[in-house]
>>> print(open('query-v7.txt').read())   # compact mmCIF, C-alpha atoms
# COMPACT_ATOMS: atom_id res chain seq x y z
CA MET A 1 0.00 0.00 0.00
CA ALA A 2 1.47 3.34 -1.14
CA ILE A 3 2.14 5.90 1.52
CA PRO A 4 0.10 9.06 0.80
CA ARG A 5 2.03 12.27 0.27
CA ILE A 6 1.54 14.81 2.98
CA PHE A 7 1.61 18.41 1.73
CA SER A 8 2.44 21.45 3.75
CA VAL A 9 0.06 24.35 3.39
CA TYR A 10 2.65 26.26 1.42
CA GLU A 11 3.31 23.30 -0.91
CA LEU A 12 -0.39 22.88 -1.63
CA THR A 13 -0.83 26.59 -2.19
CA THR A 14 2.17 26.68 -4.55
CA TYR A 15 0.87 23.62 -6.40
CA LEU A 16 -2.55 25.13 -6.95
CA LYS A 17 -1.00 28.45 -8.00
CA GLY A 18 1.04 26.60 -10.61
CA ILE A 19 -2.07 24.92 -11.98
CA LEU A 20 -3.79 28.29 -12.38
CA GLU A 21 -0.80 29.97 -13.98
CA ARG A 22 -0.07 27.10 -16.41
CA ASP A 23 -3.60 27.24 -17.78
CA LYS A 24 -3.26 29.72 -20.66
CA SER A 25 -7.00 30.25 -20.85
CA LEU A 26 -6.85 31.72 -17.34
CA GLN A 27 -3.95 34.05 -18.10
CA ASN A 28 -5.92 36.35 -20.36
CA ILE A 29 -9.49 36.17 -19.23
CA TRP A 30 -12.39 38.61 -19.40
CA LEU A 31 -14.83 38.87 -16.49
CA LYS A 32 -17.85 41.02 -15.86
CA GLY A 33 -19.50 41.74 -12.56
CA GLU A 34 -20.29 44.33 -9.94
CA ILE A 35 -17.61 46.07 -7.90
CA SER A 36 -17.88 45.59 -4.16
CA ASN A 37 -15.67 46.67 -1.23
CA PHE A 38 -13.65 48.97 -3.48
CA LYS A 39 -10.55 50.48 -1.90
CA LEU A 40 -7.88 52.68 -3.43
CA HIS A 41 -4.68 52.28 -1.43
CA THR A 42 -3.43 55.87 -1.26
CA PRO A 43 0.30 55.35 -0.67
CA SER A 44 0.78 52.77 -3.42
CA GLY A 45 -2.04 53.67 -5.82
CA HIS A 46 -3.17 50.01 -6.09
CA MET A 47 -6.88 49.17 -6.32
CA TYR A 48 -8.42 46.35 -4.28
CA PHE A 49 -12.00 45.20 -4.72
CA THR A 50 -14.33 42.26 -5.07
CA LEU A 51 -15.98 41.36 -8.37
CA LYS A 52 -19.31 39.59 -7.84
CA ASP A 53 -22.53 38.51 -9.52
CA GLU A 54 -25.71 36.96 -8.15
CA ASN A 55 -24.03 33.67 -7.21
CA SER A 56 -20.30 34.13 -6.68
CA SER A 57 -17.50 36.56 -6.03
CA ILE A 58 -13.78 36.81 -6.64
CA LYS A 59 -11.12 39.02 -5.14
CA ALA A 60 -9.42 41.41 -7.55
CA VAL A 61 -6.39 43.65 -7.47
CA MET A 62 -5.22 46.23 -10.01
CA PHE A 63 -1.72 47.55 -9.52
CA ARG A 64 -0.89 51.22 -9.96
CA SER A 65 0.85 50.82 -13.32
CA LYS A 66 -2.44 49.60 -14.79
CA ALA A 67 -4.80 51.62 -12.56
CA ILE A 68 -3.52 54.98 -13.81
CA GLN A 69 -4.67 54.04 -17.31
CA VAL A 70 -8.31 53.77 -16.26
CA GLN A 71 -10.08 56.86 -17.57
CA PHE A 72 -12.93 56.78 -15.03
CA ARG A 73 -13.16 56.39 -11.28
CA PRO A 74 -14.31 52.93 -10.18
CA GLU A 75 -16.96 52.98 -7.46
CA HIS A 76 -18.81 50.53 -5.25
CA GLY A 77 -21.80 49.06 -7.08
CA MET A 78 -20.47 49.88 -10.56
CA LYS A 79 -20.82 47.17 -13.19
CA VAL A 80 -17.58 46.66 -15.09
CA ILE A 81 -15.79 44.37 -17.51
CA VAL A 82 -12.20 43.53 -16.62
CA ARG A 83 -9.35 41.69 -18.33
CA GLY A 84 -6.57 40.01 -16.42
CA TYR A 85 -5.04 36.76 -15.28
CA LEU A 86 -5.82 34.38 -12.43
CA SER A 87 -3.34 33.47 -9.75
CA LEU A 88 -3.28 32.52 -6.10
CA TYR A 89 -2.20 34.74 -3.23
CA GLU A 90 -0.09 32.43 -1.11
CA ARG A 91 -0.50 34.23 2.21
CA ASP A 92 -4.31 33.96 2.27
CA GLY A 93 -4.54 30.84 0.15
CA GLN A 94 -7.21 32.33 -2.12
CA TYR A 95 -7.28 32.75 -5.82
CA GLN A 96 -7.87 36.20 -7.32
CA ILE A 97 -7.77 38.03 -10.60
CA TYR A 98 -5.03 40.51 -11.31
CA VAL A 99 -6.74 43.14 -13.44
CA GLU A 100 -4.85 44.77 -16.31
CA GLU A 101 -7.74 46.51 -18.05
CA MET A 102 -11.14 47.82 -16.93
CA GLN A 103 -14.10 49.41 -18.64
CA PRO A 104 -17.70 50.12 -17.66
CA ASP A 105 -20.24 47.51 -18.56
CA GLY A 106 -22.79 49.12 -20.88
CA LEU A 107 -21.26 52.64 -20.84
CA GLY A 108 -18.09 53.77 -22.57
CA SER A 109 -15.23 54.51 -20.22
CA VAL A 110 -14.49 57.82 -21.90
CA HIS A 111 -18.08 58.99 -21.55
CA LEU A 112 -18.22 57.81 -17.94
CA ALA A 113 -14.97 59.60 -17.12
CA LEU A 114 -16.37 62.80 -18.63
CA GLU A 115 -19.58 62.58 -16.62
CA GLN A 116 -17.69 61.90 -13.40
CA LEU A 117 -15.34 64.84 -13.95
CA LYS A 118 -18.23 67.10 -14.87
CA ALA A 119 -20.08 66.16 -11.68
CA LYS A 120 -16.96 66.79 -9.60
CA LEU A 121 -16.25 70.22 -11.08
CA THR A 122 -19.92 71.20 -10.91
CA ALA A 123 -19.94 70.38 -7.19
CA GLU A 124 -16.98 72.75 -6.78
CA GLY A 125 -18.97 75.54 -8.43
CA LEU A 126 -16.59 75.98 -11.37
CA PHE A 127 -19.42 76.20 -13.90
CA GLU A 128 -21.64 78.65 -11.99
CA ILE A 129 -22.94 81.63 -13.95
CA GLY A 130 -22.23 83.97 -11.04
CA ARG A 131 -18.46 83.63 -11.35
CA LYS A 132 -18.36 84.52 -15.05
CA ARG A 133 -17.02 87.99 -15.98
CA ARG A 134 -18.03 90.54 -18.60
CA LEU A 135 -15.76 90.98 -21.60
CA PRO A 136 -14.12 94.38 -22.19
CA LEU A 137 -15.80 96.47 -24.90
CA LEU A 138 -12.54 97.32 -26.64
CA PRO A 139 -9.63 95.17 -25.38
CA ALA A 140 -6.15 96.65 -25.74
CA THR A 141 -4.79 93.25 -26.77
CA VAL A 142 -6.43 89.90 -27.61
CA GLY A 143 -4.63 86.72 -26.54
CA ILE A 144 -5.17 83.48 -28.48
CA ALA A 145 -4.22 80.03 -27.18
CA THR A 146 -4.42 77.54 -30.03
CA SER A 147 -2.35 75.60 -32.53
CA ILE A 148 -0.34 77.79 -34.90
CA THR A 149 -0.78 75.22 -37.67
CA GLY A 150 -4.55 74.95 -37.49
CA ALA A 151 -7.07 76.69 -39.70
CA ALA A 152 -8.81 78.04 -36.62
CA LEU A 153 -6.01 80.54 -35.95
CA HIS A 154 -6.16 81.81 -39.53
CA ASP A 155 -9.94 82.22 -39.30
CA MET A 156 -9.74 84.11 -35.99
CA LEU A 157 -7.02 86.50 -37.19
CA LYS A 158 -8.95 87.15 -40.38
CA VAL A 159 -12.09 88.06 -38.46
CA ILE A 160 -10.26 90.20 -35.87
CA TYR A 161 -8.37 92.28 -38.43
CA ARG A 162 -11.46 92.65 -40.60
CA ARG A 163 -13.48 93.98 -37.67
CA PHE A 164 -10.69 96.06 -36.11
CA PRO A 165 -7.71 96.41 -38.45
CA ASN A 166 -5.34 97.93 -35.88
CA ALA A 167 -6.11 95.35 -33.16
CA GLN A 168 -3.20 93.93 -31.16
CA VAL A 169 -3.02 90.12 -30.97
CA VAL A 170 -0.69 87.88 -28.94
CA ILE A 171 -0.57 84.20 -29.91
CA SER A 172 0.39 81.58 -27.32
CA PRO A 173 0.94 78.34 -29.32
CA CYS A 174 -0.17 75.02 -27.88
CA ALA A 175 -1.11 71.51 -28.96
CA VAL A 176 -4.89 71.08 -29.18
CA GLN A 177 -5.04 67.30 -29.34
CA GLY A 178 -2.98 64.39 -28.14
CA GLN A 179 -1.71 63.24 -24.77
CA ASP A 180 0.26 66.41 -23.98
CA ALA A 181 -2.41 68.84 -25.21
CA PRO A 182 -4.13 69.54 -21.85
CA HIS A 183 -0.91 70.68 -20.17
CA THR A 184 0.24 72.78 -23.13
CA ILE A 185 -3.17 74.50 -23.34
CA ALA A 186 -3.07 75.26 -19.61
CA LYS A 187 0.48 76.61 -19.96
CA ALA A 188 -0.53 78.81 -22.90
CA ILE A 189 -3.35 80.35 -20.82
CA GLU A 190 -0.94 80.90 -17.92
CA LEU A 191 1.57 82.68 -20.18
CA LEU A 192 -1.10 85.01 -21.57
CA ASN A 193 -2.14 85.90 -18.02
CA GLN A 194 1.40 87.16 -17.40
CA LEU A 195 0.94 89.90 -20.02
CA PRO A 196 -0.93 92.87 -18.46
CA GLN A 197 -1.91 94.29 -21.86
CA VAL A 198 -3.93 91.17 -22.73
CA GLU A 199 -7.54 91.91 -21.69
CA VAL A 200 -9.33 88.90 -23.21
CA ILE A 201 -8.19 85.38 -24.12
CA ILE A 202 -9.60 83.06 -26.79
CA VAL A 203 -8.98 79.35 -26.20
CA GLY A 204 -10.03 76.99 -28.94
CA ARG A 205 -9.55 74.94 -32.04
CA GLY A 206 -11.46 73.90 -35.10
CA GLY A 207 -13.89 71.04 -35.33
CA GLY A 208 -12.98 67.41 -34.94
CA SER A 209 -14.10 64.10 -33.57
CA ARG A 210 -15.02 63.72 -29.91
CA GLU A 211 -11.63 62.11 -29.31
CA GLU A 212 -9.81 64.99 -30.99
CA LEU A 213 -11.61 67.51 -28.78
CA TRP A 214 -10.94 65.55 -25.62
CA ALA A 215 -8.14 67.81 -24.38
CA PHE A 216 -10.74 70.52 -23.74
CA ASN A 217 -12.59 68.13 -21.43
CA SER A 218 -9.57 67.70 -19.18
CA GLU A 219 -9.48 68.90 -15.59
CA VAL A 220 -6.20 70.78 -16.03
CA VAL A 221 -7.64 72.92 -18.85
CA VAL A 222 -10.84 73.66 -16.93
CA ARG A 223 -8.88 74.79 -13.87
CA ALA A 224 -6.56 76.92 -16.00
CA ILE A 225 -9.60 78.73 -17.43
CA VAL A 226 -11.19 79.17 -14.00
CA ASN A 227 -7.93 80.47 -12.48
CA SER A 228 -7.33 82.91 -15.33
CA ARG A 229 -7.30 86.54 -14.18
CA THR A 230 -8.21 87.57 -17.72
CA PRO A 231 -11.70 86.79 -19.11
CA VAL A 232 -11.68 83.72 -21.36
CA ILE A 233 -13.74 82.95 -24.47
CA SER A 234 -13.95 79.23 -25.27
CA ALA A 235 -14.28 78.30 -28.95
CA VAL A 236 -13.92 74.55 -29.32
CA GLY A 237 -15.16 72.60 -32.32
CA HIS A 238 -18.45 73.29 -33.98
CA GLU A 239 -21.68 74.58 -32.57
CA THR A 240 -23.00 71.17 -31.50
CA ASP A 241 -19.88 70.27 -29.51
CA ILE A 242 -19.92 71.45 -25.89
CA THR A 243 -16.85 70.70 -23.78
CA LEU A 244 -16.07 71.28 -20.12
CA ALA A 245 -13.87 74.18 -21.25
CA ASP A 246 -16.98 75.79 -22.75
CA LEU A 247 -18.81 75.45 -19.44
CA ALA A 248 -15.90 76.93 -17.45
CA ALA A 249 -15.19 79.88 -19.77
CA ASP A 250 -16.60 83.35 -19.13
CA LEU A 251 -18.23 83.16 -22.56
CA ARG A 252 -18.73 80.29 -24.98
CA ALA A 253 -18.55 80.82 -28.72
CA PRO A 254 -19.90 78.17 -31.11
CA THR A 255 -16.88 78.48 -33.42
CA PRO A 256 -13.44 80.13 -33.37
CA SER A 257 -14.64 82.73 -35.90
CA ALA A 258 -17.59 83.58 -33.64
CA ALA A 259 -15.16 83.93 -30.72
CA ALA A 260 -13.17 86.49 -32.70
CA GLU A 261 -16.37 88.43 -33.37
CA LEU A 262 -17.18 88.44 -29.67
CA ALA A 263 -13.66 89.55 -28.72
CA VAL A 264 -13.47 92.79 -30.70
CA PRO A 265 -16.08 95.23 -32.02
CA VAL A 266 -16.35 96.48 -35.59
CA LYS A 267 -14.23 99.62 -35.85
CA ASN A 268 -16.52 101.31 -38.39
CA GLU A 269 -19.54 100.68 -36.14
CA LEU A 270 -17.68 102.21 -33.22
CA TYR A 271 -16.82 105.22 -35.35
CA VAL A 272 -20.45 105.62 -36.40
CA ASN A 273 -21.63 105.26 -32.80
CA LEU A 274 -19.04 107.74 -31.55
CA THR A 275 -19.97 110.19 -34.29
CA GLY A 276 -23.62 109.90 -33.32
CA LEU A 277 -22.77 110.38 -29.65
CA GLN A 278 -20.65 113.39 -30.54
CA LYS A 279 -23.55 114.95 -32.43
CA GLN A 280 -25.90 114.25 -29.51
CA LEU A 281 -23.40 115.79 -27.09
CA LEU A 282 -22.94 118.90 -29.22
CA ALA A 283 -26.71 119.26 -29.63
CA ALA A 284 -27.21 118.90 -25.88
CA LEU A 285 -24.48 121.47 -25.18
CA GLN A 286 -25.95 123.89 -27.72
CA ASN A 287 -29.42 123.49 -26.21
CA LYS A 288 -28.03 124.09 -22.73
CA LEU A 289 -26.12 127.13 -23.98
CA ASN A 290 -29.26 128.56 -25.59
CA GLN A 291 -31.21 128.08 -22.35
CA LYS A 292 -28.54 129.87 -20.35
CA ARG A 293 -28.38 132.66 -22.95
CA ARG A 294 -32.15 133.22 -22.70
CA VAL A 295 -31.92 133.33 -18.93
CA SER A 296 -29.06 135.84 -19.17
CA GLU A 297 -31.06 138.04 -21.55
CA LEU A 298 -34.06 137.99 -19.22
CA LEU A 299 -31.87 138.92 -16.27
CA ALA A 300 -30.14 141.67 -18.24
CA ALA A 301 -33.55 143.17 -19.14
CA SER A 302 -34.82 143.19 -15.56
CA PRO A 303 -34.99 146.63 -13.84
CA ALA A 304 -33.13 145.30 -10.84
CA LEU A 305 -30.05 144.55 -12.89
CA ARG A 306 -30.37 147.55 -15.22
CA HIS A 307 -30.70 150.05 -12.33
CA PRO A 308 -29.45 148.25 -9.24
CA LEU A 309 -29.23 151.53 -7.13
CA HIS A 310 -32.86 152.34 -7.83
CA ARG A 311 -34.05 149.51 -5.63
CA ILE A 312 -31.54 150.47 -2.95
CA ASN A 313 -32.68 154.12 -3.01
CA GLN A 314 -36.29 153.00 -2.72
CA GLU A 315 -35.40 150.98 0.33
CA ARG A 316 -33.49 153.93 1.78
CA GLN A 317 -36.55 156.16 1.31
CA PHE A 318 -38.70 153.53 2.95
CA VAL A 319 -36.32 153.45 5.90
CA ASP A 320 -36.53 157.26 6.21
CA GLN A 321 -40.32 157.06 6.20
CA LEU A 322 -40.23 154.43 8.90
CA TYR A 323 -37.86 156.64 10.94
CA LEU A 324 -40.23 159.64 10.71
CA GLU A 325 -43.21 157.50 11.62
CA LEU A 326 -41.26 156.09 14.55
CA GLN A 327 -40.39 159.59 15.80
CA GLN A 328 -44.01 160.69 15.46
CA ASN A 329 -45.24 157.61 17.29
CA ILE A 330 -42.71 158.08 20.08
CA THR A 331 -43.61 161.81 20.44
CA GLY A 332 -47.32 161.00 20.48
CA PHE A 333 -46.75 158.25 23.01
CA ILE A 334 -44.75 160.55 25.29
CA ASN A 335 -47.33 163.36 25.02
CA ASN A 336 -50.12 160.94 25.81
CA LYS A 337 -48.31 159.61 28.84
CA ASN A 338 -47.52 163.18 30.01
CA ALA A 339 -51.20 164.11 29.80
CA ILE A 340 -52.12 161.08 31.86
CA LEU A 341 -49.39 161.91 34.34
CA ASN A 342 -50.66 165.49 34.68
CA LEU A 343 -54.22 164.28 35.23
CA LEU A 344 -53.07 161.86 37.90
CA GLY A 345 -50.99 164.63 39.46
CA GLN A 346 -54.00 166.87 39.64
CA LYS A 347 -56.05 164.12 41.27
CA LEU A 348 -53.27 163.46 43.70
CA ASP A 349 -52.86 167.13 44.47
CA ALA A 350 -56.59 167.45 45.10
CA MET A 351 -56.32 164.70 47.66
CA SER A 352 -53.21 166.18 49.29
CA PRO A 353 -53.46 167.06 53.02
CA LEU A 354 -51.95 170.41 52.16
CA LYS A 355 -55.05 171.27 50.18
CA VAL A 356 -57.12 170.48 53.29
CA LEU A 357 -54.89 172.68 55.42
CA GLY A 358 -55.26 175.42 52.86
CA ARG A 359 -58.96 175.48 53.50
CA GLY A 360 -58.42 176.27 57.22
CA TYR A 361 -58.07 172.80 58.65
CA SER A 362 -55.11 171.65 60.79
CA ILE A 363 -53.44 168.36 61.66
CA CYS A 364 -52.78 167.40 65.29
CA GLN A 365 -49.94 165.03 66.12
CA LYS A 366 -48.72 163.46 69.31
CA SER A 367 -45.17 163.96 70.43
CA ASP A 368 -44.11 160.78 68.63
CA GLY A 369 -45.52 162.07 65.31
CA ILE A 370 -48.66 159.93 65.25
CA MET A 371 -51.62 161.82 63.83
CA LEU A 372 -54.50 162.15 66.27
CA LYS A 373 -57.93 161.12 65.13
CA ASP A 374 -59.65 160.48 68.49
CA ALA A 375 -59.60 162.68 71.67
CA ALA A 376 -59.33 159.53 73.73
CA GLU A 377 -55.80 159.04 72.40
CA VAL A 378 -54.39 161.91 74.61
CA ARG A 379 -54.52 162.93 78.23
CA VAL A 380 -54.76 166.35 79.90
CA GLY A 381 -51.36 167.94 80.16
CA GLU A 382 -49.86 165.93 77.26
CA ALA A 383 -47.92 167.91 74.65
CA VAL A 384 -49.22 167.87 71.06
CA THR A 385 -48.23 169.57 67.78
CA VAL A 386 -50.78 171.33 65.60
CA ILE A 387 -49.75 171.71 61.92
CA LEU A 388 -51.20 174.67 60.08
CA THR A 389 -51.01 175.82 56.49
CA GLN A 390 -48.15 178.06 57.53
CA GLY A 391 -46.12 176.69 60.45
CA LYS A 392 -47.02 174.57 63.45
CA LEU A 393 -48.02 175.10 67.12
CA ALA A 394 -46.68 173.38 70.25
CA CYS A 395 -49.63 173.00 72.60
CA THR A 396 -50.54 171.37 75.90
CA VAL A 397 -53.89 169.62 76.33
CA GLN A 398 -56.01 171.53 78.88
CA GLU A 399 -59.22 169.54 78.54
CA VAL A 400 -60.32 166.29 76.80
CA ASP A 401 -63.90 166.18 75.46
CA LEU A 402 -64.89 162.67 74.38
CA CYS A 403 -68.20 163.67 72.85
CA ARG A 404 -68.67 162.54 69.25
CA ASN A 405 -68.93 165.18 66.53
CA GLN A 406 -72.40 165.29 65.06
>>> encode(input="query-v7.txt", output="structure tokens")
Amino acid sequence: MAIPRIFSVYELTTYLKGILERDKSLQNIWLKGEISNFKLHTPSGHMYFTLKDENSSIKAVMFRSKAIQVQFRPEHGMKVIVRGYLSLYERDGQYQIYVEEMQPDGLGSVHLALEQLKAKLTAEGLFEIGRKRRLPLLPATVGIATSITGAALHDMLKVIYRRFPNAQVVISPCAVQGQDAPHTIAKAIELLNQLPQVEVIIVGRGGGSREELWAFNSEVVVRAIVNSRTPVISAVGHETDITLADLAADLRAPTPSAAAELAVPVKNELYVNLTGLQKQLLAALQNKLNQKRRVSELLAASPALRHPLHRINQERQFVDQLYLELQQNITGFINNKNAILNLLGQKLDAMSPLKVLGRGYSICQKSDGIMLKDAAEVRVGEAVTVILTQGKLACTVQEVDLCRNQ
């Protein structure tokens, strides 16, 4: 009886791994399923996730060298199709697929990447209308970021010089398609921002396929437009093509030629408008001058300005009249008060004790000066003074008669 071979765990794991790796059909296999437990390992950039369907699941790993080529962002619950090879991870003793390629199941990876980037930038507010700026009416210099070999540049220059022959244009060359295009476009915008005389920038290219326009859907170009201190006109492709650069720009033009028309006005139209404004200004000034002249003529014809001293003399005469009236009123007032005073004096004089004395009456006073009205106020032998009209008498009371006068 043969003795059975006893494997170590490592030996068995290595044996099974060899079986998987020797099977060529498992070394380039396509799988589809739903992503679960997705994790992007930040330090290394590797992706770890589980690929599952209704009945089974398999662990999956996608190393950084392959992960950076994925044009969309994998997420939990996303249905994908992957290509890779099967092997066994010795430490955990489980088989897994090492993914080398990934694409969305049912939706193109390029379209999905665009929608994801658009959602991200929209959430940051980069496409909001409120942050867009007005273009200058007559820019000192127009900057153009485009390919110097494309027909778009020729079309834009033709339109600009036709509308404003003495316009100043600065061209910042850049690639408009290909792998390096996004960074060269962003650099071209940055260089134009370093020129203070550039007051508006046109970024664009002529029409092309969706793939050829893809550089203008890149995040680096969108952020370069948003960070531009100078207003930006986006003119990418034809009228039906709308890129993320169009959404981020301060103004979107359907074509490069239309962008050139938006960038500069027509010189002849400006001249006509300025001439019309000049005529309106001169007419307004002439009308104002005529109004002021009529006012001046009316003022010059007024008596006050023709004979300014006449009004002053009239006022002087009026003052003199007021002075005379005031004197008359004061004199009349004084005379009236004097007459009243005299009348009161006469009444007072009539009531004066001296008038009574003048009629033969006298006033008798005690020694202390108190006037006597009653005989009972003195005694026999008391000294009294009798005041007459002329002089006074010092008397002594000889007899007191208390009888009342009838």
>>> residues_around(input="query-v7.txt", residues="Gln177 of chain A", least_positions_apart="3", cutoff="7 Å", atoms="only C-alpha atoms", output="ChimeraX atom specification")
/A:181,212-213,215
>>> closest_residue(input="query-v7.txt", among="A:Leu244, A:Pro256, A:Ser44, A:Arg210", to="Ile144 of chain A", atoms="all atoms listed in the file")
A:Pro256
>>> closest_residue(input="query-v7.txt", among="A:Val198, A:Leu26, A:Leu20, A:Met62", to="His41 of chain A", atoms="only C-alpha atoms")
A:Met62
>>> residues_around(input="query-v7.txt", residues="segment 52-58 of chain A", least_positions_apart="3", cutoff="7 Å", atoms="all atoms listed in the file", output="ChimeraX atom specification")
/A:33-35,96
>>> residues_near_point(input="query-v7.txt", point="(-2.7, 87.2, -26.7)", cutoff="6 Å", atoms="only C-alpha atoms", output="list in words")
Val142, Gly143, Ile144, Val169, Val170, Ile171, Leu192 and Val198 of chain A
>>> atom_distance(input="query-v7.txt", atom1="atom CA of Ile233 of chain A", atom2="atom CA of Ala140 of chain A")
15.7 Å
>>> closest_residue(input="query-v7.txt", among="A:Cys174, A:Val397, A:Ile160, A:Ala301", to="Val384 of chain A", atoms="only C-alpha atoms")
A:Val397
>>> atom_distance(input="query-v7.txt", atom1="atom CA of Ala186 of chain A", atom2="atom CA of Ala224 of chain A")
5.3 Å
>>> atom_distance(input="query-v7.txt", atom1="atom CA of Arg163 of chain A", atom2="atom CA of Asn273 of chain A")
14.7 Å
>>> closest_residue(input="query-v7.txt", among="A:Gln286, A:Gln398, A:Asn28, A:Ser362", to="Val386 of chain A", atoms="all atoms listed in the file")
A:Ser362
>>> closest_residue(input="query-v7.txt", among="A:Ile129, A:Ile201, A:Leu262, A:Ile370", to="Val159 of chain A", atoms="all atoms listed in the file")
A:Leu262
>>> closest_residue(input="query-v7.txt", among="A:Gln278, A:Leu305, A:Ala167, A:Ile202", to="Leu135 of chain A", atoms="all atoms listed in the file")
A:Ile202
